[in-house]
Amino acid sequence: MLSFCGFAQETSLSGKVVDIDGTPLAGAHISIEAFKKSATDLSGNFKMTGLPVGNHSVKISFLGYKSLHKKIVLEKGSPLKLTFIMQEETATLDDVTITGKSKEQKLRESVASVAVLNTKELYTQNNNTSDVIKQISGVNVRQTGGFGSSAEVFINGMSGKQVKFFLDGVPLSYYGSGLGLNVIPVNLMEQIEVYKGVVPVDLGADALGGGINIIPRKSYSDYLDISYSLGSFNTHKANINGQYVNPKNNTLLGINSFYNHSDNNYKVDVEIPDEFGNPNPATVKRFHDKFSNYLLSLYTGVYNKSYADRLFISVRYSGLDDEVQHNAIMAQPYGEVTYDENTLGFSVTYEKREVVPNTGIKWYGGVNKTKGHFKDISLNAYTWDGKVYDTRPSGGEISSSRNLLDLTSKNAVSRLNIKYAPWENGKFTLNIFTSWFHRTGKDPLAAEFYGEDYYANPTELFKNAVGLAYEHTFKDKITSYTAVKHFMLDAEGYAIENLNFLPNKQSASNFGVSQSFKYQIAENILAKASYEYATRLPDEFELFGDFTLVRPNPFLRPEQSHNANLGIQWNTAKLKLGLHTFYRLTDNVIWLKTSQFFAQYQNLLKSLTKGVEAELAYQPYDFLNLKLNATYQDLRNRSPKNITGAVDNRYFNARLPNIPYLFGNAEIRYQKEEFLGGKNKFSAWWASNYVHEYFLFWDVDGNKDFKNVIPSQFIQNVGVSYAFPKNKFSVSLEATNVFDEKAFDNFSVQRPGRAFYITLRTFLK
């Protein structure tokens with residue numbers, strides 16, 4: 001109730017209105033009963049003066065968001081400053097639906113060719129990033145085994161290192177292997193953005209035609225989120241995330257942490273030699289494939305201050321422990337090879353939406369130190385059943401020298417992003433990204449074999465990417481996005497071939513340009529078109545290898561590509577349709593050449609990719625969601641015979657081998673609040689992934705009836721989840737690969753069969 005006691009004594013109320021991500025809401029309405037009203041400015045700020053002291057009821061409202069009602073106490077001589085956090089909602093009034101577009105929907109309808117996946121509904125499930133992104137149209141993920149194995153992502157014909165991964169705009173590779181794409185828990189993120197074709201300058205890296213940006217959870221409220229998952233193959237996944245917020249001085253303290261482990265001892269079909277050396281078919285459990293990774297990250301900072309919208313300091317410790325089971329094509333089992341790594345990192349984040357009028361700034365700076373240990377000292381030779389069948393006189397399971405290698409890597413990264421909006425319909429973006437990498441090693445066993453410790457020689461890489469873009473909207477119908485980028489590289493490394501030490505230095509400097517358009521044909525229909533000439537510089541892993549399974553190649557040249565995209569979207573409240581086509585002409589393709597023992601990145605092909613993808617999302621009822629997508633991509637060799645090494649041009653225009661060309665996904669999800677009464681939430685889902693068969697080698701060679709084939713696969717997963725009350729506690733049961741299909745992402749490298757998981761979660765807010 002409004003108190004008129006001491007009415008002559010006046011004070012003030014000021015503050016800011018933001019959404020749960022901290023984004024200011026301009027034009028939000030603030031009222032104190034019928035006494036006083038105000039509205040927020042462009043920065044979300046408001047101020048109400050001349051208010052009587054006493055108890056008051058404040059109402060905050062904004063179209064598309066849930067109204068807030070707060071009780072406050074105004075005291076004499078103590079002006080009150082508060083931050084109000086609003087949540088989105090869709091409300092139905094007299095058959096008229098008023099919908100505030102979510103940030104995900106606004107991004108989907110932006111000029112960028114981007115798919116957006118909100119991960120909040122997946123927090124109760126047993127998911128990793130690689131499991132989630134393969135549900136997106138145009139995206140396929142290939143892994144070299146079970147949990148923790150390396151993952152290769154395909155986006156519209158682009159694959160491997162051509163696709164860049166980012167964590168809030170910073171390349172994921174700078175965080176160390178413990179935070180790889182294949183092992184990041186979904187609970188750490190809010191949404192996943194998949195850019196197809198033109199990658200905006202905001203991400204500031206040399207992606208060749210696709211990028212995946214993981215947006216971490218950002219909120220200014222107290223919460224504690226704890227989950228634990230137990231599953232097949234002795235799989236354990238634990239997450240503890242939370243933060244404490246002090247709204248009086250706009251400070252917070254938070255923690256993000258996880259620990260994952262799996263024995264990966266699933267069954268595989270192999271051949272084991274008998275006493276006479278003849279291979280016999282057998283089904284065995286993988287015996288040396290345990291994987292663990294972990295993260296402990298602490299952060300603190302301030303928000304919504306006069307000098308900063310966000311200023312955060314973070315320190316983290318992450319790492320992994322990996323038993324190496326086999327080589328890249330699962331042709332040779334290893335029984336004792338191991339690799340472990342840990343990274344200590346420190347970073348600072350600063351954001352200010354209006355540091356000066358019409359100009360916003362974001363800056364990220366970070367340093368990391370990584371220590372890795374590779375051990376390959378055993379003289380034993382193993383069969384797939386884990387038994388020793390022979391002992392070598394010298395050498396390790398992988399290397400001829402044997403290895404007891406210690407690696408020390410240091411890297412630093414800076415990302416500066418400036419946005420300047422001189423007029424209402426136009427905006428400039430400048431992004432400057434700089435990184436430095438340095439690595440040295442020490443290996444007494446290799447030094448004894450070579451006569452010198454070559455690993456003690458440093459490898460160093462300096463990269464810089466500058467992007468400038470201008471976006472303009474014409475009469476709310478046409479949006480244009482024009483960008484120019486410059487990339488440069490200085491690298492110093494070496495290779496070891498035939499006991500020879502081959503040092504190398506190189507520099508590269510390349511430009512890239514892009515042009516994108518969006519045309520709003522009608523209220524619910526929009527079209528997009530884009531072109532980009534893109535460059536991708538080789539990274540430290542490609543140039544310098546990992547000193548385990550991947551050999552260095554410091555002589556690699558940058559890749560270049562002409563990319564074009566054209567698409568149309570139809571979006572309504574219940575139905576979303578999309579049809580997109582893409583074209584890629586890529587030169588100096590960097591690809592991973594594999595052999596029985598080692599792999600190495602090489603420049604080889606010029607390729608042409610054409611394709612089409614279609615997606616459908618339908619919500620006939622509030623509780624039912626249907627999703628379906630399919631992609632066809634035709635990748636052809638455009639290299640002449642002198643590049644492919646052939647005696648004729650038989651491989652010209654031949655389909656590139658060992659790459660899927662037809663795949664798709666489907667999902668049905670039932671989700672009901674107050675299921676059978678009570679404050680609860682019930683979910684059930686069926687999800688599937690289909691990949692059509694494809695050849696391991698060139699389809700123009702040999703008899704197709706006897707060629708090595710990665711077979712067609714139709715993998716299905718099901719699950720149920722129950723949360724109560726109001727999502728504070730939940731339990732989920734899942735089954736993956738329900739029909740125990742043989743699953744292969746790469747030839748002869750078998751993925752896990754049927755598996756079961758239970759996930760328990762508590763979320764307190």
# chains A, B, ... in the order shown; residues from 1 in each chain; ligands from 1

$ select_by_dssp --residues "stretch 450-696 of chain A" --states "strand (DSSP E or B)" --output "PyMOL selection string"
chain A and resi 459-474+478-497+500-522+525-536+550-551+559-571+575-587+590-594+599-603+607-621+624-637+655+662-673+681-691+694-695

$ residues_around --residues "stretch 686-691 of chain A" --least-positions-apart "6" --cutoff "6 Å" --atoms "only C-alpha atoms" --output "mmCIF file with C-alpha atoms, in the first residue's frame"
data_model
loop_
_atom_site.group_PDB
_atom_site.id
_atom_site.type_symbol
_atom_site.label_atom_id
_atom_site.label_comp_id
_atom_site.auth_asym_id
_atom_site.auth_seq_id
_atom_site.Cartn_x
_atom_site.Cartn_y
_atom_site.Cartn_z
ATOM 1 C CA PHE A 663 21.876 -36.481 -44.777
ATOM 2 C CA GLY A 664 19.020 -35.225 -42.619
ATOM 3 C CA ASN A 665 17.399 -35.085 -39.184
ATOM 4 C CA ALA A 666 13.943 -35.388 -37.674
ATOM 5 C CA GLU A 667 12.585 -34.729 -34.196
ATOM 6 C CA ILE A 668 9.241 -34.969 -32.429
ATOM 7 C CA SER A 712 23.841 -45.779 -44.833
ATOM 8 C CA GLN A 713 22.830 -45.148 -41.234
ATOM 9 C CA PHE A 714 19.588 -44.287 -39.511
ATOM 10 C CA ILE A 715 20.274 -43.623 -35.823
ATOM 11 C CA GLN A 716 17.338 -43.028 -33.476
ATOM 12 C CA ASN A 717 17.266 -41.685 -29.911
ATOM 13 C CA VAL A 718 14.376 -41.438 -27.424
#

$ closest_residue --among "A:Asn553, A:Thr124, A:Asn213, A:Thr144" --to "A:Lys505" --atoms "only C-alpha atoms"
A:Asn553

$ closest_atom_pairs --of "stretch 94-156 of chain A" --to "stretch 621-634 of chain A" --cutoff "10 Å" --atoms "only C-alpha atoms" --output "CSV"
residue,atom,partner,partner_atom,distance
A:Gln135,CA,A:Asn629,CA,8.4
A:Ile136,CA,A:Asn629,CA,7.6
A:Ser137,CA,A:Asn629,CA,5.3
A:Gly138,CA,A:Thr631,CA,5.4
A:Val139,CA,A:Thr631,CA,8.2
A:Asn140,CA,A:Thr631,CA,9.4
A:Ile155,CA,A:Gln633,CA,9.8
A:Asn156,CA,A:Gln633,CA,6.8

$ write_last_selection --atoms "all heavy atoms" --output "PDB file, in the first residue's frame"
ATOM      1  N   GLN A 135      21.825 -31.653 -35.244  1.00  0.00           N
ATOM      2  CA  GLN A 135      20.392 -31.565 -35.486  1.00  0.00           C
ATOM      3  C   GLN A 135      20.028 -30.408 -36.420  1.00  0.00           C
ATOM      4  O   GLN A 135      18.900 -30.317 -36.894  1.00  0.00           O
ATOM      5  CB  GLN A 135      19.651 -31.381 -34.152  1.00  0.00           C
ATOM      6  CG  GLN A 135      19.910 -32.456 -33.115  1.00  0.00           C
ATOM      7  CD  GLN A 135      19.314 -32.121 -31.765  1.00  0.00           C
ATOM      8  OE1 GLN A 135      18.429 -31.274 -31.652  1.00  0.00           O
ATOM      9  NE2 GLN A 135      19.790 -32.761 -30.716  1.00  0.00           N
ATOM     10  N   ILE A 136      20.992 -29.527 -36.687  1.00  0.00           N
ATOM     11  CA  ILE A 136      20.735 -28.327 -37.483  1.00  0.00           C
ATOM     12  C   ILE A 136      20.897 -28.650 -38.956  1.00  0.00           C
ATOM     13  O   ILE A 136      21.805 -29.382 -39.351  1.00  0.00           O
ATOM     14  CB  ILE A 136      21.688 -27.200 -37.052  1.00  0.00           C
ATOM     15  CG1 ILE A 136      21.429 -26.847 -35.583  1.00  0.00           C
ATOM     16  CG2 ILE A 136      21.526 -25.973 -37.933  1.00  0.00           C
ATOM     17  CD1 ILE A 136      22.428 -25.855 -35.010  1.00  0.00           C
ATOM     18  N   SER A 137      20.025 -28.098 -39.797  1.00  0.00           N
ATOM     19  CA  SER A 137      20.079 -28.367 -41.225  1.00  0.00           C
ATOM     20  C   SER A 137      21.410 -27.896 -41.803  1.00  0.00           C
ATOM     21  O   SER A 137      21.946 -26.865 -41.414  1.00  0.00           O
ATOM     22  CB  SER A 137      18.928 -27.664 -41.953  1.00  0.00           C
ATOM     23  OG  SER A 137      19.076 -26.267 -41.878  1.00  0.00           O
ATOM     24  N   GLY A 138      21.935 -28.673 -42.754  1.00  0.00           N
ATOM     25  CA  GLY A 138      23.188 -28.337 -43.395  1.00  0.00           C
ATOM     26  C   GLY A 138      24.417 -28.708 -42.602  1.00  0.00           C
ATOM     27  O   GLY A 138      25.541 -28.494 -43.064  1.00  0.00           O
ATOM     28  N   VAL A 139      24.234 -29.264 -41.387  1.00  0.00           N
ATOM     29  CA  VAL A 139      25.352 -29.579 -40.506  1.00  0.00           C
ATOM     30  C   VAL A 139      25.458 -31.081 -40.305  1.00  0.00           C
ATOM     31  O   VAL A 139      24.456 -31.752 -40.044  1.00  0.00           O
ATOM     32  CB  VAL A 139      25.197 -28.883 -39.137  1.00  0.00           C
ATOM     33  CG1 VAL A 139      26.346 -29.247 -38.219  1.00  0.00           C
ATOM     34  CG2 VAL A 139      25.112 -27.377 -39.311  1.00  0.00           C
ATOM     35  N   ASN A 140      26.655 -31.608 -40.432  1.00  0.00           N
ATOM     36  CA  ASN A 140      26.919 -33.006 -40.131  1.00  0.00           C
ATOM     37  C   ASN A 140      28.195 -33.085 -39.299  1.00  0.00           C
ATOM     38  O   ASN A 140      29.138 -32.322 -39.520  1.00  0.00           O
ATOM     39  CB  ASN A 140      27.067 -33.837 -41.410  1.00  0.00           C
ATOM     40  CG  ASN A 140      27.099 -35.327 -41.120  1.00  0.00           C
ATOM     41  OD1 ASN A 140      26.354 -35.818 -40.269  1.00  0.00           O
ATOM     42  ND2 ASN A 140      27.961 -36.049 -41.799  1.00  0.00           N
ATOM     43  N   ILE A 155      29.642 -28.010 -42.746  1.00  0.00           N
ATOM     44  CA  ILE A 155      28.592 -27.014 -42.936  1.00  0.00           C
ATOM     45  C   ILE A 155      28.539 -26.667 -44.420  1.00  0.00           C
ATOM     46  O   ILE A 155      29.461 -26.038 -44.937  1.00  0.00           O
ATOM     47  CB  ILE A 155      28.834 -25.746 -42.100  1.00  0.00           C
ATOM     48  CG1 ILE A 155      28.857 -26.053 -40.608  1.00  0.00           C
ATOM     49  CG2 ILE A 155      27.755 -24.706 -42.391  1.00  0.00           C
ATOM     50  CD1 ILE A 155      29.120 -24.839 -39.744  1.00  0.00           C
ATOM     51  N   ASN A 156      27.493 -27.090 -45.084  1.00  0.00           N
ATOM     52  CA  ASN A 156      27.318 -26.777 -46.508  1.00  0.00           C
ATOM     53  C   ASN A 156      28.571 -27.078 -47.321  1.00  0.00           C
ATOM     54  O   ASN A 156      29.023 -26.257 -48.125  1.00  0.00           O
ATOM     55  CB  ASN A 156      26.920 -25.318 -46.687  1.00  0.00           C
ATOM     56  CG  ASN A 156      25.513 -25.019 -46.203  1.00  0.00           C
ATOM     57  OD1 ASN A 156      25.125 -23.878 -46.071  1.00  0.00           O
ATOM     58  ND2 ASN A 156      24.724 -26.051 -45.927  1.00  0.00           N
TER      59      ASN A 156
END

$ atom_distance --atom1 "atom CA of A:Gly451" --atom2 "atom CA of A:Glu336"
25.1 Å

$ residues_around --residues "stretch 11-19 of chain A" --least-positions-apart "6" --cutoff "6 Å" --atoms "only C-alpha atoms" --output "PyMOL selection string"
chain A and resi 25+44-51+79-86

$ write_last_selection --atoms "C-alpha atoms" --output "PDB file, in the first residue's frame"
ATOM      1  CA  LEU A  25      15.154  -2.571 -22.969  1.00  0.00           C
ATOM      2  CA  GLY A  44      17.422   1.167 -20.679  1.00  0.00           C
ATOM      3  CA  ASN A  45      17.892   3.778 -17.953  1.00  0.00           C
ATOM      4  CA  PHE A  46      15.164   5.679 -16.085  1.00  0.00           C
ATOM      5  CA  LYS A  47      14.854   8.136 -13.205  1.00  0.00           C
ATOM      6  CA  MET A  48      11.811   9.216 -11.163  1.00  0.00           C
ATOM      7  CA  THR A  49      12.154  12.176  -8.801  1.00  0.00           C
ATOM      8  CA  GLY A  50       9.895  13.819  -6.262  1.00  0.00           C
ATOM      9  CA  LEU A  51       8.761  10.517  -4.758  1.00  0.00           C
ATOM     10  CA  PRO A  79      17.927   7.701  -3.366  1.00  0.00           C
ATOM     11  CA  LEU A  80      17.288   4.135  -4.527  1.00  0.00           C
ATOM     12  CA  LYS A  81      18.907   2.642  -7.635  1.00  0.00           C
ATOM     13  CA  LEU A  82      17.722  -0.755  -8.944  1.00  0.00           C
ATOM     14  CA  THR A  83      18.088  -3.013 -11.962  1.00  0.00           C
ATOM     15  CA  PHE A  84      14.933  -4.780 -13.153  1.00  0.00           C
ATOM     16  CA  ILE A  85      15.338  -8.003 -15.159  1.00  0.00           C
ATOM     17  CA  MET A  86      12.458  -9.009 -17.452  1.00  0.00           C
TER      18      MET A  86
END

$ atom_distance --atom1 "atom CA of A:Asp490" --atom2 "atom CA of A:Glu559"
15.6 Å

$ closest_atom_pairs --of "stretch 477-571 of chain A" --to "stretch 433-449 of chain A" --cutoff "12 Å" --atoms "only C-alpha atoms" --output "Markdown table"
| residue | atom | partner | partner_atom | distance |
| --- | --- | --- | --- | --- |
| A:Lys485 | CA | A:Phe433 | CA | 11.0 |
| A:His486 | CA | A:Phe433 | CA | 10.5 |
| A:Phe487 | CA | A:Phe433 | CA | 9.6 |
| A:Met488 | CA | A:Thr434 | CA | 9.8 |
| A:Leu489 | CA | A:Ser435 | CA | 9.8 |
| A:Asp490 | CA | A:Trp436 | CA | 9.7 |
| A:Ala491 | CA | A:Phe437 | CA | 9.4 |
| A:Glu492 | CA | A:His438 | CA | 9.6 |
| A:Gly493 | CA | A:Arg439 | CA | 9.7 |
| A:Tyr494 | CA | A:Thr440 | CA | 11.7 |
| A:Ile496 | CA | A:Ala446 | CA | 11.6 |
| A:Leu499 | CA | A:Phe449 | CA | 9.3 |
| A:Asp539 | CA | A:Phe437 | CA | 9.9 |
| A:Glu540 | CA | A:Phe437 | CA | 7.7 |
| A:Phe541 | CA | A:Phe437 | CA | 10.7 |
| A:Leu543 | CA | A:Phe437 | CA | 11.9 |
| A:Phe544 | CA | A:Arg439 | CA | 9.4 |
| A:Gly545 | CA | A:Arg439 | CA | 11.3 |
| A:Asp546 | CA | A:Arg439 | CA | 10.8 |
| A:Phe547 | CA | A:Gly441 | CA | 9.7 |

$ residues_around --residues "A:Ser414" --least-positions-apart "3" --cutoff "12 Å" --atoms "only C-alpha atoms" --output "PDB file with C-alpha atoms, in the first residue's frame"
ATOM      1  CA  GLY A 169      33.167 -14.575 -30.368  1.00  0.00           C
ATOM      2  CA  VAL A 170      36.596 -15.942 -29.333  1.00  0.00           C
ATOM      3  CA  PRO A 171      38.002 -18.956 -31.241  1.00  0.00           C
ATOM      4  CA  TYR A 174      42.500 -20.822 -27.617  1.00  0.00           C
ATOM      5  CA  GLY A 204      36.936 -11.946 -36.319  1.00  0.00           C
ATOM      6  CA  ALA A 205      38.647 -15.080 -37.570  1.00  0.00           C
ATOM      7  CA  SER A 347      40.807 -13.337 -19.153  1.00  0.00           C
ATOM      8  CA  VAL A 348      39.149  -9.920 -18.946  1.00  0.00           C
ATOM      9  CA  THR A 349      35.886  -8.917 -20.662  1.00  0.00           C
ATOM     10  CA  TYR A 350      34.673  -5.335 -21.043  1.00  0.00           C
ATOM     11  CA  LYS A 362      33.525  -4.857 -26.527  1.00  0.00           C
ATOM     12  CA  TRP A 363      36.969  -6.142 -25.618  1.00  0.00           C
ATOM     13  CA  TYR A 364      38.250  -9.548 -24.632  1.00  0.00           C
ATOM     14  CA  GLY A 365      41.820 -10.273 -23.611  1.00  0.00           C
ATOM     15  CA  GLY A 366      43.171 -13.580 -22.431  1.00  0.00           C
ATOM     16  CA  VAL A 367      46.358 -15.541 -21.763  1.00  0.00           C
ATOM     17  CA  ASN A 411      49.093 -18.214 -26.138  1.00  0.00           C
ATOM     18  CA  ASN A 417      34.890  -4.898 -31.352  1.00  0.00           C
ATOM     19  CA  ASN A 431      36.672  -5.963 -35.328  1.00  0.00           C
ATOM     20  CA  ILE A 432      40.373  -6.533 -34.625  1.00  0.00           C
ATOM     21  CA  PHE A 433      41.472  -9.992 -33.553  1.00  0.00           C
ATOM     22  CA  THR A 434      45.092 -10.775 -32.653  1.00  0.00           C
ATOM     23  CA  SER A 435      46.615 -14.019 -31.381  1.00  0.00           C
ATOM     24  CA  TRP A 436      50.051 -15.336 -30.493  1.00  0.00           C
ATOM     25  CA  PHE A 462      51.274 -14.862 -34.916  1.00  0.00           C
ATOM     26  CA  LYS A 463      47.910 -14.140 -36.570  1.00  0.00           C
ATOM     27  CA  ASN A 464      45.909 -10.967 -37.016  1.00  0.00           C
ATOM     28  CA  ALA A 465      42.458 -10.479 -38.520  1.00  0.00           C
ATOM     29  CA  VAL A 466      40.855  -7.082 -39.151  1.00  0.00           C
TER      30      VAL A 466
END
